[in-house]
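Engineer: As input, take protein_17.cif (mmCIF, C-alpha atoms):
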```cif
data_protein
#
loop_
_atom_site.group_PDB
_atom_site.id
_atom_site.type_symbol
_atom_site.label_atom_id
_atom_site.label_comp_id
_atom_site.auth_asym_id
_atom_site.auth_seq_id
_atom_site.Cartn_x
_atom_site.Cartn_y
_atom_site.Cartn_z
ATOM 1 C CA MET D 1 29.038 -70.330 -7.892
ATOM 2 C CA ARG D 2 31.139 -70.620 -4.742
ATOM 3 C CA ARG D 3 32.688 -67.192 -5.226
ATOM 4 C CA GLY D 4 29.292 -65.576 -5.854
ATOM 5 C CA PHE D 5 27.982 -67.000 -2.556
ATOM 6 C CA ASP D 6 31.086 -65.715 -0.681
ATOM 7 C CA LEU D 7 30.523 -62.185 -2.029
ATOM 8 C CA SER D 8 26.944 -62.232 -0.801
ATOM 9 C CA ILE D 9 28.063 -63.174 2.732
ATOM 10 C CA GLU D 10 30.602 -60.370 2.777
ATOM 11 C CA LYS D 11 28.036 -57.827 1.671
ATOM 12 C CA LEU D 12 25.632 -59.102 4.316
ATOM 13 C CA LEU D 13 28.237 -58.727 7.027
ATOM 14 C CA ILE D 14 28.998 -55.180 5.897
ATOM 15 C CA LEU D 15 25.335 -54.310 6.458
ATOM 16 C CA ILE D 16 24.790 -56.236 9.717
ATOM 17 C CA VAL D 17 27.914 -55.209 11.661
ATOM 18 C CA PRO D 18 27.223 -51.416 11.690
ATOM 19 C CA LEU D 19 23.584 -52.081 12.621
ATOM 20 C CA LEU D 20 24.642 -54.220 15.593
ATOM 21 C CA ALA D 21 27.073 -51.522 16.688
ATOM 22 C CA VAL D 22 24.311 -48.885 16.653
ATOM 23 C CA LEU D 23 22.027 -51.105 18.739
ATOM 24 C CA ILE D 24 24.743 -51.775 21.307
ATOM 25 C CA ILE D 25 25.586 -48.060 21.649
ATOM 26 C CA ALA D 26 21.895 -47.152 21.967
ATOM 27 C CA SER D 27 21.473 -49.633 24.822
ATOM 28 C CA TYR D 28 24.029 -47.679 26.862
ATOM 29 C CA PHE D 29 21.884 -44.511 26.711
ATOM 30 C CA MET D 30 18.503 -45.848 27.869
ATOM 31 C CA VAL D 31 18.038 -43.086 30.500
ATOM 32 C CA THR D 32 15.571 -40.344 31.426
ATOM 33 C CA GLY D 33 16.308 -36.796 32.673
ATOM 34 C CA GLY D 34 18.045 -36.618 36.033
ATOM 35 C CA GLU D 35 17.700 -40.387 36.848
ATOM 36 C CA THR D 36 20.223 -43.233 36.830
ATOM 37 C CA TYR D 37 19.615 -46.647 35.241
ATOM 38 C CA ILE D 38 21.758 -49.811 35.287
ATOM 39 C CA VAL D 39 21.907 -51.217 31.757
ATOM 40 C CA PRO D 40 23.039 -54.865 31.647
ATOM 41 C CA THR D 41 25.000 -56.237 28.683
ATOM 42 C CA ALA D 42 26.443 -59.630 27.932
ATOM 43 C CA THR D 43 29.860 -58.845 29.433
ATOM 44 C CA THR D 44 29.552 -55.801 31.715
ATOM 45 C CA THR D 45 27.272 -53.450 33.644
ATOM 46 C CA THR D 46 27.368 -49.732 32.767
ATOM 47 C CA GLU D 47 26.052 -46.920 34.980
ATOM 48 C CA ILE D 48 24.905 -43.786 33.167
ATOM 49 C CA THR D 49 23.818 -40.552 34.939
ATOM 50 C CA LEU D 50 22.388 -37.539 33.176
ATOM 51 C CA PRO D 51 23.048 -34.084 34.715
ATOM 52 C CA GLU D 52 20.135 -32.322 36.405
ATOM 53 C CA PHE D 53 18.729 -29.218 34.820
ATOM 54 C CA ILE D 54 19.835 -26.217 36.863
ATOM 55 C CA THR D 55 17.950 -22.958 36.642
ATOM 56 C CA PRO D 56 20.523 -20.186 36.448
ATOM 57 C CA THR D 57 20.218 -17.595 39.190
ATOM 58 C CA ALA D 58 21.448 -14.033 39.327
ATOM 59 C CA GLU D 59 21.721 -11.475 42.034
ATOM 60 C CA SER D 60 18.560 -9.407 42.374
ATOM 61 C CA PRO D 61 18.961 -5.917 40.963
ATOM 62 C CA GLU D 62 19.391 -3.213 43.542
ATOM 63 C CA VAL D 63 16.320 -1.241 44.496
ATOM 64 C CA LYS D 64 16.560 2.143 42.845
ATOM 65 C CA GLN D 65 13.799 3.984 44.734
ATOM 66 C CA SER D 66 11.016 3.092 47.143
ATOM 67 C CA ALA D 67 8.058 4.513 49.040
ATOM 68 C CA THR D 68 5.831 3.228 51.839
ATOM 69 C CA ILE D 69 2.261 4.271 52.550
ATOM 70 C CA ARG D 70 -0.139 3.301 55.310
ATOM 71 C CA VAL D 71 -3.402 1.872 54.008
ATOM 72 C CA PRO D 72 -6.683 1.752 55.990
ATOM 73 C CA ALA D 73 -8.897 -1.294 55.617
ATOM 74 C CA VAL D 74 -11.698 -3.253 57.259
ATOM 75 C CA ASP D 75 -10.975 -6.810 58.385
ATOM 76 C CA ASN D 76 -13.264 -9.825 58.169
ATOM 77 C CA GLU D 77 -14.828 -8.978 61.522
ATOM 78 C CA GLY D 78 -15.657 -5.411 60.540
ATOM 79 C CA ASN D 79 -12.828 -3.792 62.493
ATOM 80 C CA GLY D 80 -10.709 -0.985 61.113
ATOM 81 C CA VAL D 81 -7.040 -1.863 60.578
ATOM 82 C CA VAL D 82 -4.028 -0.206 58.995
ATOM 83 C CA THR D 83 -1.278 -1.943 57.060
ATOM 84 C CA ASN D 84 1.882 -0.857 55.275
ATOM 85 C CA LEU D 85 2.214 -0.979 51.494
ATOM 86 C CA LYS D 86 5.713 -0.687 50.039
ATOM 87 C CA VAL D 87 6.555 0.086 46.413
ATOM 88 C CA ASP D 88 10.070 -0.590 45.101
ATOM 89 C CA ILE D 89 11.387 0.649 41.782
ATOM 90 C CA MET D 90 14.333 -1.188 40.230
ATOM 91 C CA PRO D 91 15.966 -1.676 36.837
ATOM 92 C CA GLY D 92 14.065 -4.270 34.840
ATOM 93 C CA GLU D 93 11.824 -4.988 31.895
ATOM 94 C CA GLY D 94 8.706 -2.923 32.560
ATOM 95 C CA ARG D 95 7.116 -5.607 34.742
ATOM 96 C CA VAL D 96 4.662 -5.260 37.615
ATOM 97 C CA LEU D 97 5.646 -7.673 40.379
ATOM 98 C CA VAL D 98 3.727 -8.452 43.552
ATOM 99 C CA ASN D 99 5.071 -10.004 46.721
ATOM 100 C CA ILE D 100 2.034 -12.127 47.572
ATOM 101 C CA ASN D 101 3.382 -13.614 50.799
ATOM 102 C CA GLN D 102 0.367 -13.696 53.169
ATOM 103 C CA LEU D 103 -1.696 -11.777 50.594
ATOM 104 C CA LEU D 104 -5.214 -12.898 49.812
ATOM 105 C CA PHE D 105 -4.953 -12.012 46.155
ATOM 106 C CA TRP D 106 -8.134 -10.957 44.388
ATOM 107 C CA VAL D 107 -8.670 -10.255 40.705
ATOM 108 C CA ASP D 108 -9.812 -6.699 41.446
ATOM 109 C CA THR D 109 -6.608 -6.156 43.458
ATOM 110 C CA GLN D 110 -4.638 -7.070 40.350
ATOM 111 C CA TYR D 111 -6.694 -4.590 38.346
ATOM 112 C CA SER D 112 -6.057 -1.848 40.927
ATOM 113 C CA ILE D 113 -2.310 -2.474 40.795
ATOM 114 C CA GLN D 114 -2.266 -2.319 37.000
ATOM 115 C CA SER D 115 -4.360 0.855 37.080
ATOM 116 C CA ALA D 116 -2.016 2.405 39.653
ATOM 117 C CA LYS D 117 0.950 1.833 37.351
ATOM 118 C CA ILE D 118 -0.826 3.317 34.334
ATOM 119 C CA VAL D 119 -1.975 6.403 36.249
ATOM 120 C CA ALA D 120 1.451 6.895 37.850
ATOM 121 C CA GLN D 121 3.093 6.733 34.435
ATOM 122 C CA ASN D 122 0.690 9.365 33.104
ATOM 123 C CA VAL D 123 1.170 11.629 36.118
ATOM 124 C CA THR D 124 4.962 11.472 36.095
ATOM 125 C CA GLY D 125 5.395 11.308 32.329
ATOM 126 C CA MET D 126 8.086 8.686 32.830
ATOM 127 C CA ASP D 127 8.937 5.792 30.522
ATOM 128 C CA LEU D 128 8.609 2.667 32.667
ATOM 129 C CA SER D 129 9.702 0.158 30.026
ATOM 130 C CA GLY D 130 13.115 -0.205 31.677
ATOM 131 C CA LEU D 131 11.849 -0.421 35.253
ATOM 132 C CA ASP D 132 10.199 -3.112 37.364
ATOM 133 C CA ILE D 133 7.693 -2.086 40.048
ATOM 134 C CA VAL D 134 7.407 -4.384 43.070
ATOM 135 C CA TYR D 135 4.438 -4.097 45.439
ATOM 136 C CA THR D 136 4.757 -5.581 48.925
ATOM 137 C CA ILE D 137 2.142 -5.722 51.648
ATOM 138 C CA GLU D 138 4.161 -5.744 54.861
ATOM 139 C CA THR D 139 1.592 -6.436 57.603
ATOM 140 C CA ASN D 140 -2.030 -7.584 57.928
ATOM 141 C CA ALA D 141 -1.798 -8.535 54.271
ATOM 142 C CA SER D 142 -4.976 -10.574 54.148
ATOM 143 C CA VAL D 143 -7.180 -7.506 54.636
ATOM 144 C CA ILE D 144 -5.870 -5.667 51.577
ATOM 145 C CA GLU D 145 -8.208 -6.788 48.843
ATOM 146 C CA GLY D 146 -10.599 -5.306 46.401
ATOM 147 C CA PRO D 147 -10.335 -1.927 44.732
ATOM 148 C CA SER D 148 -10.453 0.285 47.836
ATOM 149 C CA ALA D 149 -6.642 0.516 48.060
ATOM 150 C CA GLY D 150 -6.351 1.791 44.479
ATOM 151 C CA ALA D 151 -5.773 5.432 45.377
ATOM 152 C CA ALA D 152 -3.144 4.538 47.996
ATOM 153 C CA LEU D 153 -1.393 2.236 45.512
ATOM 154 C CA THR D 154 -1.211 5.084 43.018
ATOM 155 C CA VAL D 155 0.098 7.633 45.520
ATOM 156 C CA ALA D 156 2.848 5.249 46.611
ATOM 157 C CA THR D 157 3.798 4.432 43.018
ATOM 158 C CA VAL D 158 4.116 8.106 42.073
ATOM 159 C CA ALA D 159 6.146 8.823 45.219
ATOM 160 C CA ALA D 160 8.521 5.941 44.484
ATOM 161 C CA LEU D 161 8.980 6.941 40.844
ATOM 162 C CA GLU D 162 9.697 10.562 41.775
ATOM 163 C CA ASN D 163 11.785 9.516 44.787
ATOM 164 C CA LYS D 164 9.680 11.605 47.153
ATOM 165 C CA THR D 165 8.701 11.073 50.783
ATOM 166 C CA ILE D 166 5.083 10.412 51.750
ATOM 167 C CA ASN D 167 3.557 12.485 54.531
ATOM 168 C CA GLU D 168 2.749 9.886 57.208
ATOM 169 C CA SER D 169 0.172 12.118 58.890
ATOM 170 C CA VAL D 170 -2.117 11.705 55.873
ATOM 171 C CA MET D 171 -4.038 8.591 54.803
ATOM 172 C CA ILE D 172 -6.411 7.891 51.919
ATOM 173 C CA THR D 173 -9.098 5.465 50.839
ATOM 174 C CA GLY D 174 -10.695 5.211 47.401
ATOM 175 C CA THR D 175 -10.649 3.351 44.126
ATOM 176 C CA ILE D 176 -8.608 4.475 41.141
ATOM 177 C CA SER D 177 -9.725 4.538 37.523
ATOM 178 C CA ARG D 178 -7.275 4.394 34.643
ATOM 179 C CA GLY D 179 -8.181 8.011 33.949
ATOM 180 C CA GLY D 180 -6.937 9.029 37.394
ATOM 181 C CA LEU D 181 -10.329 9.487 39.084
ATOM 182 C CA VAL D 182 -10.717 8.571 42.758
ATOM 183 C CA GLY D 183 -13.948 6.615 43.265
ATOM 184 C CA PRO D 184 -16.212 5.781 46.236
ATOM 185 C CA VAL D 185 -15.662 2.922 48.678
ATOM 186 C CA GLY D 186 -17.355 1.497 51.749
ATOM 187 C CA GLY D 187 -16.423 1.534 55.421
ATOM 188 C CA ILE D 188 -15.418 5.210 55.420
ATOM 189 C CA VAL D 189 -16.061 5.866 59.118
ATOM 190 C CA THR D 190 -14.394 2.632 60.228
ATOM 191 C CA LYS D 191 -11.296 3.384 58.154
ATOM 192 C CA ALA D 192 -11.176 6.992 59.333
ATOM 193 C CA THR D 193 -11.314 5.837 62.953
ATOM 194 C CA ALA D 194 -8.467 3.374 62.329
ATOM 195 C CA ALA D 195 -6.413 6.173 60.775
ATOM 196 C CA LYS D 196 -7.056 8.410 63.770
ATOM 197 C CA ASP D 197 -6.086 5.639 66.195
ATOM 198 C CA ILE D 198 -2.574 5.311 64.745
ATOM 199 C CA GLY D 199 -1.920 9.033 64.740
ATOM 200 C CA ALA D 200 -3.047 10.267 61.320
ATOM 201 C CA GLU D 201 -4.185 13.894 61.269
ATOM 202 C CA LEU D 202 -5.859 14.054 57.860
ATOM 203 C CA PHE D 203 -8.013 11.491 56.107
ATOM 204 C CA ILE D 204 -8.601 11.796 52.344
ATOM 205 C CA VAL D 205 -11.860 10.390 50.959
ATOM 206 C CA PRO D 206 -13.461 10.266 47.509
ATOM 207 C CA GLY D 207 -15.574 13.233 46.497
ATOM 208 C CA GLY D 208 -19.010 13.182 48.086
ATOM 209 C CA GLN D 209 -18.043 10.834 50.930
ATOM 210 C CA ALA D 210 -17.040 13.294 53.657
ATOM 211 C CA VAL D 211 -20.662 13.105 54.745
ATOM 212 C CA ILE D 212 -22.351 9.722 54.864
ATOM 213 C CA VAL D 213 -26.015 9.771 53.887
ATOM 214 C CA TYR D 214 -28.230 6.926 55.012
ATOM 215 C CA TYR D 215 -31.936 6.358 55.586
ATOM 216 C CA GLU D 216 -33.267 5.306 58.944
ATOM 217 C CA PRO D 217 -36.620 3.536 59.088
ATOM 218 C CA GLN D 218 -39.283 5.057 61.347
ATOM 219 C CA ARG D 219 -42.379 3.004 62.014
ATOM 220 C CA GLU D 220 -45.682 4.426 63.211
ATOM 221 C CA CYS D 221 -48.750 2.431 64.157
ATOM 222 C CA GLN D 222 -52.302 3.421 64.993
ATOM 223 C CA ARG D 223 -55.238 1.368 66.015
ATOM 224 C CA ILE D 224 -58.574 1.859 64.306
ATOM 225 C CA GLY D 225 -61.214 -0.297 65.889
ATOM 226 C CA PRO D 226 -60.025 -3.896 66.023
ATOM 227 C CA ILE D 227 -57.327 -3.319 63.368
ATOM 228 C CA THR D 228 -53.826 -1.897 63.865
ATOM 229 C CA TYR D 229 -52.357 -0.032 60.904
ATOM 230 C CA CYS D 230 -48.578 0.461 60.687
ATOM 231 C CA THR D 231 -46.552 2.503 58.210
ATOM 232 C CA THR D 232 -42.783 2.779 57.768
ATOM 233 C CA ASP D 233 -41.096 5.922 56.545
ATOM 234 C CA TYR D 234 -37.401 6.260 55.734
ATOM 235 C CA VAL D 235 -35.904 9.462 57.036
ATOM 236 C CA GLU D 236 -32.632 10.774 55.626
ATOM 237 C CA GLN D 237 -29.772 10.972 58.099
ATOM 238 C CA ARG D 238 -26.423 12.669 57.484
ATOM 239 C CA LEU D 239 -23.261 11.672 59.295
ATOM 240 C CA ALA D 240 -20.114 13.803 59.077
ATOM 241 C CA VAL D 241 -17.076 11.502 58.982
ATOM 242 C CA SER D 242 -14.845 14.122 60.627
ATOM 243 C CA GLU D 243 -17.162 14.391 63.640
ATOM 244 C CA GLU D 244 -17.734 10.659 63.975
ATOM 245 C CA ALA D 245 -14.034 9.705 63.714
ATOM 246 C CA ASP D 246 -12.615 12.884 65.257
ATOM 247 C CA ILE D 247 -10.202 13.494 62.374
ATOM 248 C CA GLU D 248 -9.916 16.149 59.692
ATOM 249 C CA VAL D 249 -11.398 14.950 56.402
ATOM 250 C CA GLU D 250 -10.861 16.245 52.862
ATOM 251 C CA GLU D 251 -12.528 15.144 49.644
ATOM 252 C CA VAL D 252 -10.692 14.630 46.349
ATOM 253 C CA PHE D 253 -11.970 13.702 42.921
ATOM 254 C CA THR D 254 -8.654 13.030 41.152
ATOM 255 C CA ILE D 255 -5.308 11.538 42.079
ATOM 256 C CA ASN D 256 -3.592 14.851 41.295
ATOM 257 C CA GLU D 257 -5.651 16.500 44.012
ATOM 258 C CA ALA D 258 -4.681 13.746 46.446
ATOM 259 C CA LEU D 259 -0.960 13.981 45.678
ATOM 260 C CA LYS D 260 -0.874 17.588 46.936
ATOM 261 C CA TYR D 261 -1.502 16.290 50.468
ATOM 262 C CA PHE D 262 1.016 13.451 50.352
ATOM 263 C CA LEU D 263 4.237 14.290 48.569
ATOM 264 C CA ILE D 264 6.978 16.033 50.489
#
```
In structure tokens, how does this file's structure come out?
Structural biologist:
Amino acid sequence: MRRGFDLSIEKLLILIVPLLAVLIIASYFMVTGGETYIVPTATTTTEITLPEFITPTAESPEVKQSATIRVPAVDNEGNGVVTNLKVDIMPGEGRVLVNINQLLFWVDTQYSIQSAKIVAQNVTGMDLSGLDIVYTIETNASVIEGPSAGAALTVATVAALENKTINESVMITGTISRGGLVGPVGGIVTKATAAKDIGAELFIVPGGQAVIVYYEPQRECQRIGPITYCTTDYVEQRLAVSEEADIEVEEVFTINEALKYFLI
């Protein structure tokens, strides 16, 4: 009986000792990412520090080609302004990247940028899967919003891809569709005036917008006895942008028509 009891103790020790060892080792590793804890034990104090996670960095790829275009816009106070838009082409993964420093970024601006890339790819016939396109608004960034810069975005993208220079005496306003059509925008006269003020000689507008048509109310009243009758008629008025802004104006319906004025 004595020997049987001794065997049971030995077996019990064989099971308990490894378990205690595991618990002791585990106590030394009670830490969380990047922080240090002091873990007390019966005989000593052990300090354990985990390494911080470091995001690997690499040198930015060199810009392969670039183009800059001046873009007319209307600020929040209704004044015409002009800002620079730069497009850089570099080796990459087919991404569209936007430097949004100071940029009030609207959803329709994102759509215009994506459309500009698609149209530029169709126009040039280039495979862009191995290139990244970076768009940077250099000055007065907060006024570049909405779709009205779409045509300018596309012109600059094509120029950068083909490594061509943009004629700085020409400026454009207009939306861009994914089929390459240049669409109407507002503030034509204000933008044309801003273009003229910084030295532009030719202003490109969407088809049908070289002449602004608006209706001016004309009210006539006549008195019949004790009652005054008034009627309001709306008379069509036509305003030539070239005369109002004192700059040459040309209409385009497609981006291919616009590119003929820009690329050198």
Engineer: Enumerate, as a list in words, the residues matched when the PyMOL selection byres ((chain D and resi 175) around 8) is run on the file above.
Structural biologist: Ser112, Pro147, Ser148, Ala149, Gly150, Ala151, Thr173, Gly174, Ile176, Ser177, Leu181, Val182, Gly183, Pro184 and Val185 of chain D
Engineer: Please identify all polymer residues within 12 Å of D:Val170, counting all atoms listed in the file, omitting same-chain residues fewer than 2 positions from it, and present them as an mmCIF file with C-alpha atoms, in the coordinates of the input.
Structural biologist:
```cif
data_model
loop_
_atom_site.group_PDB
_atom_site.id
_atom_site.type_symbol
_atom_site.label_atom_id
_atom_site.label_comp_id
_atom_site.auth_asym_id
_atom_site.auth_seq_id
_atom_site.Cartn_x
_atom_site.Cartn_y
_atom_site.Cartn_z
ATOM 1 C CA ILE D 69 2.261 4.271 52.550
ATOM 2 C CA ARG D 70 -0.139 3.301 55.310
ATOM 3 C CA VAL D 71 -3.402 1.872 54.008
ATOM 4 C CA PRO D 72 -6.683 1.752 55.990
ATOM 5 C CA ALA D 152 -3.144 4.538 47.996
ATOM 6 C CA VAL D 155 0.098 7.633 45.520
ATOM 7 C CA THR D 165 8.701 11.073 50.783
ATOM 8 C CA ILE D 166 5.083 10.412 51.750
ATOM 9 C CA ASN D 167 3.557 12.485 54.531
ATOM 10 C CA GLU D 168 2.749 9.886 57.208
ATOM 11 C CA ILE D 172 -6.411 7.891 51.919
ATOM 12 C CA THR D 173 -9.098 5.465 50.839
ATOM 13 C CA ALA D 192 -11.176 6.992 59.333
ATOM 14 C CA ALA D 195 -6.413 6.173 60.775
ATOM 15 C CA LYS D 196 -7.056 8.410 63.770
ATOM 16 C CA ILE D 198 -2.574 5.311 64.745
ATOM 17 C CA GLY D 199 -1.920 9.033 64.740
ATOM 18 C CA ALA D 200 -3.047 10.267 61.320
ATOM 19 C CA GLU D 201 -4.185 13.894 61.269
ATOM 20 C CA LEU D 202 -5.859 14.054 57.860
ATOM 21 C CA PHE D 203 -8.013 11.491 56.107
ATOM 22 C CA ILE D 204 -8.601 11.796 52.344
ATOM 23 C CA VAL D 205 -11.860 10.390 50.959
ATOM 24 C CA ILE D 247 -10.202 13.494 62.374
ATOM 25 C CA GLU D 248 -9.916 16.149 59.692
ATOM 26 C CA VAL D 249 -11.398 14.950 56.402
ATOM 27 C CA GLU D 250 -10.861 16.245 52.862
ATOM 28 C CA ALA D 258 -4.681 13.746 46.446
ATOM 29 C CA LEU D 259 -0.960 13.981 45.678
ATOM 30 C CA LYS D 260 -0.874 17.588 46.936
ATOM 31 C CA TYR D 261 -1.502 16.290 50.468
ATOM 32 C CA PHE D 262 1.016 13.451 50.352
ATOM 33 C CA LEU D 263 4.237 14.290 48.569
ATOM 34 C CA ILE D 264 6.978 16.033 50.489
#
```
Engineer: Residues near D:Ile188, anyone? I mean within 9 Å using only C-alpha atoms, not counting same-chain ones fewer than 5 positions away, as a PyMOL selection string.
Structural biologist: chain D and resi 173+193+205+209-210+212+241
Engineer: Where does the PyMOL selection byres ((chain D and resi 78-84) around 10) land in this file, that is, which residues does it pick, as a VMD selection string?
Structural biologist: chain D and resid 68 to 77 85 to 86 136 to 144 171 187 to 195 197 to 198
Engineer: Please produce an output containing C-alpha atoms for each residue in the selection, written as a JSON list (two decimals), in the coordinates of the input.
Structural biologist:
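The file below, result.json, is the result:
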```
[["chain", "number", "residue", "atom", "x", "y", "z"],
["D", 68, "THR", "CA", 5.83, 3.23, 51.84],
["D", 69, "ILE", "CA", 2.26, 4.27, 52.55],
["D", 70, "ARG", "CA", -0.14, 3.30, 55.31],
["D", 71, "VAL", "CA", -3.40, 1.87, 54.01],
["D", 72, "PRO", "CA", -6.68, 1.75, 55.99],
["D", 73, "ALA", "CA", -8.90, -1.29, 55.62],
["D", 74, "VAL", "CA", -11.70, -3.25, 57.26],
["D", 75, "ASP", "CA", -10.98, -6.81, 58.38],
["D", 76, "ASN", "CA", -13.26, -9.82, 58.17],
["D", 77, "GLU", "CA", -14.83, -8.98, 61.52],
["D", 85, "LEU", "CA", 2.21, -0.98, 51.49],
["D", 86, "LYS", "CA", 5.71, -0.69, 50.04],
["D", 136, "THR", "CA", 4.76, -5.58, 48.92],
["D", 137, "ILE", "CA", 2.14, -5.72, 51.65],
["D", 138, "GLU", "CA", 4.16, -5.74, 54.86],
["D", 139, "THR", "CA", 1.59, -6.44, 57.60],
["D", 140, "ASN", "CA", -2.03, -7.58, 57.93],
["D", 141, "ALA", "CA", -1.80, -8.54, 54.27],
["D", 142, "SER", "CA", -4.98, -10.57, 54.15],
["D", 143, "VAL", "CA", -7.18, -7.51, 54.64],
["D", 144, "ILE", "CA", -5.87, -5.67, 51.58],
["D", 171, "MET", "CA", -4.04, 8.59, 54.80],
["D", 187, "GLY", "CA", -16.42, 1.53, 55.42],
["D", 188, "ILE", "CA", -15.42, 5.21, 55.42],
["D", 189, "VAL", "CA", -16.06, 5.87, 59.12],
["D", 190, "THR", "CA", -14.39, 2.63, 60.23],
["D", 191, "LYS", "CA", -11.30, 3.38, 58.15],
["D", 192, "ALA", "CA", -11.18, 6.99, 59.33],
["D", 193, "THR", "CA", -11.31, 5.84, 62.95],
["D", 194, "ALA", "CA", -8.47, 3.37, 62.33],
["D", 195, "ALA", "CA", -6.41, 6.17, 60.78],
["D", 197, "ASP", "CA", -6.09, 5.64, 66.19],
["D", 198, "ILE", "CA", -2.57, 5.31, 64.74]]
```
Engineer: Just say which residues the PyMOL selection byres ((chain D and resi 161) around 8) picks in this file, as JSON, numbers by chain.
Structural biologist: {"D": [65, 66, 89, 124, 157, 158, 159, 160, 162, 163, 164]}
Engineer: One number please: atom CA of D:Gln222 to atom CA of D:Arg238, in Å, one decimal.
Structural biologist: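 Rounded to one decimal, the two atoms are 28.5 Å apart.
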Engineer: For a test of reading the model, state the distance in Å between atom CA of D:Gly207 and atom CA of D:Val87, rounded to one decimal.
Structural biologist: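 Here the two named atoms are 25.7 Å from each other.
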Engineer: Which residues, written as a list in words, have at least one atom at most 9 Å from D:Asp132, with only C-alpha atoms counted and residues fewer than 2 positions away on the same chain left out?
Structural biologist: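 After dropping sequence-adjacent residues, the list is Asp88, Ile89, Met90, Pro91, Gly92, Glu93, Gly94, Arg95, Val96, Leu97, Leu128, Ser129, Gly130 and Val134 of chain D.
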Engineer: Separation of atom CA of D:Gly179 and atom CA of D:Tyr214, in Å?
Structural biologist: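 For atom CA of D:Gly179 relative to atom CA of D:Tyr214, the distance reads 29.1 Å.
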Engineer: For stretch 169-182 of chain D, where the input has fewer atoms than it should, I would like N, CA and C atoms rebuilt and written as a PDB file, in the frame of the given file.
Structural biologist:
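Final output, saved to rebuild_14.pdb:
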```
ATOM      1  N   SER D 169       1.323  11.638  58.121  1.00  0.00           N
ATOM      2  CA  SER D 169       0.172  12.118  58.890  1.00  0.00           C
ATOM      3  C   SER D 169      -1.105  12.103  58.059  1.00  0.00           C
ATOM      4  N   VAL D 170      -0.979  11.716  56.784  1.00  0.00           N
ATOM      5  CA  VAL D 170      -2.117  11.705  55.873  1.00  0.00           C
ATOM      6  C   VAL D 170      -2.378  10.277  55.410  1.00  0.00           C
ATOM      7  N   MET D 171      -3.656   9.895  55.331  1.00  0.00           N
ATOM      8  CA  MET D 171      -4.038   8.591  54.803  1.00  0.00           C
ATOM      9  C   MET D 171      -5.201   8.771  53.842  1.00  0.00           C
ATOM     10  N   ILE D 172      -5.393   7.775  52.969  1.00  0.00           N
ATOM     11  CA  ILE D 172      -6.411   7.891  51.919  1.00  0.00           C
ATOM     12  C   ILE D 172      -7.119   6.558  51.699  1.00  0.00           C
ATOM     13  N   THR D 173      -8.369   6.631  51.321  1.00  0.00           N
ATOM     14  CA  THR D 173      -9.098   5.465  50.839  1.00  0.00           C
ATOM     15  C   THR D 173      -9.829   5.869  49.568  1.00  0.00           C
ATOM     16  N   GLY D 174     -10.009   4.912  48.656  1.00  0.00           N
ATOM     17  CA  GLY D 174     -10.695   5.211  47.401  1.00  0.00           C
ATOM     18  C   GLY D 174     -10.200   4.321  46.280  1.00  0.00           C
ATOM     19  N   THR D 175     -11.047   4.104  45.304  1.00  0.00           N
ATOM     20  CA  THR D 175     -10.649   3.351  44.126  1.00  0.00           C
ATOM     21  C   THR D 175      -9.875   4.266  43.185  1.00  0.00           C
ATOM     22  N   ILE D 176      -9.280   3.678  42.161  1.00  0.00           N
ATOM     23  CA  ILE D 176      -8.608   4.475  41.141  1.00  0.00           C
ATOM     24  C   ILE D 176      -9.020   3.983  39.761  1.00  0.00           C
ATOM     25  N   SER D 177      -9.422   4.902  38.910  1.00  0.00           N
ATOM     26  CA  SER D 177      -9.725   4.538  37.523  1.00  0.00           C
ATOM     27  C   SER D 177      -8.487   4.784  36.681  1.00  0.00           C
ATOM     28  N   ARG D 178      -8.452   4.222  35.491  1.00  0.00           N
ATOM     29  CA  ARG D 178      -7.275   4.394  34.643  1.00  0.00           C
ATOM     30  C   ARG D 178      -7.180   5.808  34.089  1.00  0.00           C
ATOM     31  N   GLY D 179      -8.233   6.595  34.310  1.00  0.00           N
ATOM     32  CA  GLY D 179      -8.181   8.011  33.949  1.00  0.00           C
ATOM     33  C   GLY D 179      -7.748   8.886  35.102  1.00  0.00           C
ATOM     34  N   GLY D 180      -7.432   8.272  36.255  1.00  0.00           N
ATOM     35  CA  GLY D 180      -6.937   9.029  37.394  1.00  0.00           C
ATOM     36  C   GLY D 180      -8.006   9.535  38.340  1.00  0.00           C
ATOM     37  N   LEU D 181      -9.252   9.052  38.206  1.00  0.00           N
ATOM     38  CA  LEU D 181     -10.329   9.487  39.084  1.00  0.00           C
ATOM     39  C   LEU D 181     -10.360   8.626  40.345  1.00  0.00           C
ATOM     40  N   VAL D 182     -10.602   9.277  41.485  1.00  0.00           N
ATOM     41  CA  VAL D 182     -10.717   8.571  42.758  1.00  0.00           C
ATOM     42  C   VAL D 182     -12.194   8.288  43.009  1.00  0.00           C
TER      43      VAL D 182
END
```
